[in-house]
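Each remark here refers to the structure printed beneath this line.
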Amino acid sequence: MSDEVILQVKDLKTYFLVDEGTVKAVDGVSFDLHKGETLGIVGESCSGKSVSNLSIINLIPSPPGKIAGGEVLFHGKDLLKMPQNEIREIRGNKISMIFQDPMTSLNPFLRISTQMVETIMLHQKLSQEEAKAKAIEMLKLAGIPAPEKRIDQYPHQFSGGMRQRVMIAMGLSCNPEILIADEPTSALDVTIQAQILELMQELTRKLGTAVILITHSLGVVAGMCDTICVMYAGRIVERGHTEEIFESPRHPYTMGLIRSVPRLDQETKNRLYSIPGQPPNVIDLPDCCPFYPRCDKVKDICKKKYPPVVQFENGQSASCWLYSKEGQNV
Ligand SMILES: Nc1ncnc2c1ncn2[C@@H]1O[C@H](COP(=O)(O)OP(=O)(O)OP(=O)(O)O)[C@@H](O)[C@H]1O
Ligand SMILES: [Mg+2]
C-alpha cells in the first residue's frame with residue numbers, strides 16, 4: 001500500500017425518500033483509499049455498505065434515492081459532479097464493481113465471451129481477437145479450467161463458485177485502479193469462499209489494484225484487509241488498521257463483532273456470542289447514538305446526542321462517548 005490517496009470520500013450522504021419518511025442509508029461517511037490498499041467495510045445488514053459503494057460510482061436509483069451531500073474525489077475529481085458519459089468511462093474501466101449477486105451482473109442470455117469481450121474492446125480499445133485473448137487469460141488467472149472452451153458458455157452452465165471467479169476475471173479484465181467487491185462470496189460455502197478470496201487477493205496484489213471489500217464478517221476482512229471501516233446505521237463508527245482494530249477495538253459495536261467471530265484456536269464451550277438486539281431502522285433516526293439500545297457500556301449522554309469522532313494516536317478513530325471529554329462526567 002502506497003501513501004498516494006486515489007479515492008477520497010468526504011461526508012457522503014445518500015437518502016431515499018419513501019412513503020414512511022427519509023431513509024438515511026448513508027449519513028456522513030468519509031474515508032480515504034490509497035493506491036494498492038485493501039479496505040474492508042464491515043457491518044450488519046442494512047448498515048449502508050452497498051449504498052455507500054453504489055453512491056461512489058454514481059449508481060443510486062433516483063428517485064427514490066438522492067445524494068444529499070458530500071464529495072467522492074477520484075484523483076481529485078468529484079465523481080458525483082461528473083457528466084454521465086465521463087463517469088461511464090470510469091465505471092467498469094478505472095473503477096470496477098463485483099455486485100452482491102453475480103446473476104445481477106451477468107446477463108443470462110449472453111455467452112461469457114460476448115459479455116467480457118465487448119467490455120474489454122470498449123474500454124481498452126483492443127481488436128476483437130486481442131480482447132478475446134485477454135478475456136481467456138483473465139479467466140485462466142481466475143482459476144477457470146479450460147477457459148478457451150468455457151468462455152463460449154452461458155452463465156447458467158457455471159457453478160456458483162465458478163460464476164464468482166468469472167465475475168472476478170471480468171472485474172479485473174480492464175486493469176482497474178479500484179475494485180469494489182460487494183460480498184463477493186457470501187452465497188458460497190466456506191471452503192470455496194476462502195479459495196475465492198485468496199484468489200482475489202493474489203490477483204489484486206499482482207496487478208496493484210486497490211480493493212474495497214464489503215462484508216458482514218470481520219473474519220473475512222481479518223485475513224485480507226490492510227484497513228477496516230466498521231459501519232453502523234449509515235455511518236462509520238470505527239476505522240483503523242486491521243491489526244489495531246483486532247488488538248484494541250474501541251467501539252462497543254466493534255468489540256461485539258470481534259467476539260462473534262468463530263476462533264479456531266480456542267475451544268468453544270459456550271454458544272458463539274452474538275450482539276443482542278437488532279440493527280435500527282434508519283428511517284427518521286433520532287440524533288443520538290443508534291447503537292445505545294444494544295450497548296453494554298451505555299451512558300445517559302448516548303441517548304441524547306450523536307457521539308463525535310475521537311481520533312487516537314495510532315491513527316484509529318471511533319465515534320463513541322466513552323472516549324470523548326464531554327462524555328466523561330455523565
Ligand atoms: N432503492 C432503495 N429504496 C429505498 N431504500 C433503499 C434502497 N436501497 C437501499 N435502501 C435502504 O438503505 C439502507 C442501506 O441498505 P444497503 O443495501 O446499503 O445495506 P447493506 O449494508 O449493504 O446490507 P446487506 O449487508 O444486507 O447487503 C437499508 O435500510 C435499505 O433498505
Ligand atoms: Mg449490501
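Residue names in the C-alpha cells use chain letters A, B, ... in the order shown, residue numbers from 1 in each chain, and ligand numbers from 1 in the order shown.
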
Item to check | Cut-off 10 Å, only C-alpha atoms and all ligand atoms, neighbours of ligand 1 as a count of residues only | outcome: 51

Next on the checklist: When DSSP is applied to the backbone of this structure, which of range 228-327 of chain A are assigned strand (DSSP E)? Write them out as a VMD selection string.
Outcome noted: chain A and resid 228 to 232 235 to 241 309 to 311 317 to 319

Next on the checklist: List as a list in words the protein and nucleic acid residues near Tyr306 in chain A, meaning an atom at most 9 Å away when only C-alpha atoms are counted, but skip any in the same chain fewer than 2 places from it.
Outcome noted: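 Counting only C-alpha atoms, the residues come to Pro286, Asp287, Cys288, Cys289, Pro290, Ile301, Cys302, Lys303, Lys304, Pro308, Ser319, Cys320 and Trp321 of chain A.
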
Next on the checklist: To test your reading of the structure, identify every residue in range 71-309 of chain A that backbone DSSP assigns to helix (DSSP H, G or I), and report it as a PyMOL selection string.
Outcome noted: chain A and resi 79-81+84-90+102-105+112-124+128-141+147-150+155-157+160-172+190-207+218-224+242-247+252-259+292-294+301-303

Item to check | Selection near range 135-149 of chain A, 7 Å with only C-alpha atoms, sequence-local residues under 5 positions removed, as a PyMOL selection string | outcome: chain A and resi 116-117+162+165-166+168-169+173+199

Please produce an output containing C-alpha atoms for each residue in the selection, written as a PDB file, in the first residue's frame.
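Once everything was written out, this is selection-v8.pdb:
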ATOM      1  CA  MET A 116     -16.306  -9.972 -21.485  1.00  0.00           C
ATOM      2  CA  VAL A 117     -15.001  -9.280 -24.972  1.00  0.00           C
ATOM      3  CA  MET A 162     -17.200 -20.590 -10.911  1.00  0.00           C
ATOM      4  CA  ARG A 165     -14.497 -16.486 -10.448  1.00  0.00           C
ATOM      5  CA  VAL A 166     -15.879 -15.232 -13.764  1.00  0.00           C
ATOM      6  CA  ILE A 168     -13.539 -11.523 -10.565  1.00  0.00           C
ATOM      7  CA  ALA A 169     -11.990 -12.124 -14.008  1.00  0.00           C
ATOM      8  CA  SER A 173     -10.011  -7.551 -17.023  1.00  0.00           C
ATOM      9  CA  LEU A 199      -7.545 -15.729  -5.416  1.00  0.00           C
TER      10      LEU A 199
END

Checklist entry - For the atom pair CA of Gln164 in chain A and CA of Leu33 in chain A, what is the interatomic distance in Å to one decimal place? => result 24.2 Å

Checklist entry - Counting only C-alpha atoms and all ligand atoms, which of A:Ile180, A:Leu39, A:Ser113, A:His156 gets nearest to ligand 2? => result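 Among the listed residues, A:Ile180 lies closest to ligand 2.
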
Item to check | Å distance separating CA of Gly36 in chain A from CA of Leu126 in chain A, one decimal place | outcome: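 Going from CA of Gly36 in chain A over to CA of Leu126 in chain A, I get 25.5 Å.
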
Checklist entry - Which residue gives the smallest distance to ligand 2 among A:Met200, A:Arg88, A:Phe99, A:Leu272, with only C-alpha atoms and all ligand atoms counted? => result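 That would be A:Phe99, the residue with the smallest distance to ligand 2.
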
Next on the checklist: Please compute the CA of Leu257 in chain A-CA of Gly40 in chain A distance, one decimal, in Å.
Outcome noted: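 Interatomic distance, CA of Leu257 in chain A to CA of Gly40 in chain A: 13.8 Å.
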
Checklist entry - Could you name the residues that touch Gly219 in chain A at 9 Å or less, counting only C-alpha atoms, but leaving out those on the same chain fewer than 2 positions away, as a PyMOL selection string? => result chain A and resi 216-217+221-223+258+261-262

Checklist entry - Counting only C-alpha atoms and all ligand atoms, which of A:Ala181, A:Arg250, A:Asp32, A:His75 gets nearest to ligand 2? => result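 Of A:Ala181, A:Arg250, A:Asp32, A:His75, the one nearest ligand 2 is A:Ala181, counting only C-alpha atoms and all ligand atoms.
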
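For Ile6 in chain A, the list of residues within 10 Å, based on only C-alpha atoms and with local chain neighbours fewer than 2 positions off taken out, reads Ser2, Asp3, Glu4, Gln8, Asp32, Leu33, His34, Lys35, Gly36, Glu37, Leu73, Phe74, His75, Gly76, Glu177, Ile178 and Ala210 of chain A.
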
Output file for the residues above (C-alpha atoms, as an mmCIF file, in the first residue's frame):
data_model
loop_
_atom_site.group_PDB
_atom_site.id
_atom_site.type_symbol
_atom_site.label_atom_id
_atom_site.label_comp_id
_atom_site.auth_asym_id
_atom_site.auth_seq_id
_atom_site.Cartn_x
_atom_site.Cartn_y
_atom_site.Cartn_z
ATOM 1 C CA SER A 2 1.450 3.379 -1.001
ATOM 2 C CA ASP A 3 0.966 6.850 0.519
ATOM 3 C CA GLU A 4 -0.828 8.073 -2.580
ATOM 4 C CA GLN A 8 -11.378 10.360 -1.036
ATOM 5 C CA ASP A 32 -9.527 7.592 2.051
ATOM 6 C CA LEU A 33 -8.335 4.776 -0.162
ATOM 7 C CA HIS A 34 -4.653 4.526 -1.044
ATOM 8 C CA LYS A 35 -3.081 3.022 -4.135
ATOM 9 C CA GLY A 36 -2.916 -0.756 -3.733
ATOM 10 C CA GLU A 37 -4.759 -0.700 -0.376
ATOM 11 C CA LEU A 73 -12.815 12.589 -5.250
ATOM 12 C CA PHE A 74 -11.088 10.187 -7.626
ATOM 13 C CA HIS A 75 -7.612 11.597 -8.298
ATOM 14 C CA GLY A 76 -9.031 14.879 -7.096
ATOM 15 C CA GLU A 177 -7.282 1.051 -10.226
ATOM 16 C CA ILE A 178 -10.065 0.188 -7.804
ATOM 17 C CA ALA A 210 -6.847 -1.156 -4.629
#

Checklist outcome for this item: Counting only C-alpha atoms, closest pick from A:Asn107, A:Ile56, A:Val72, A:Gln84 relative to Val9 in chain A is A:Val72

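Using only C-alpha atoms, the shortest contact distance between Ser96 in chain A and any of A:Val5, A:Leu188, A:Val298, A:Leu172 is found at A:Leu172.
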
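With only C-alpha atoms and all ligand atoms as the atoms that count, the minimum distance from ligand 2 to the choices A:Val211, A:Pro184, A:Phe291, A:Lys206 is reached by A:Pro184.
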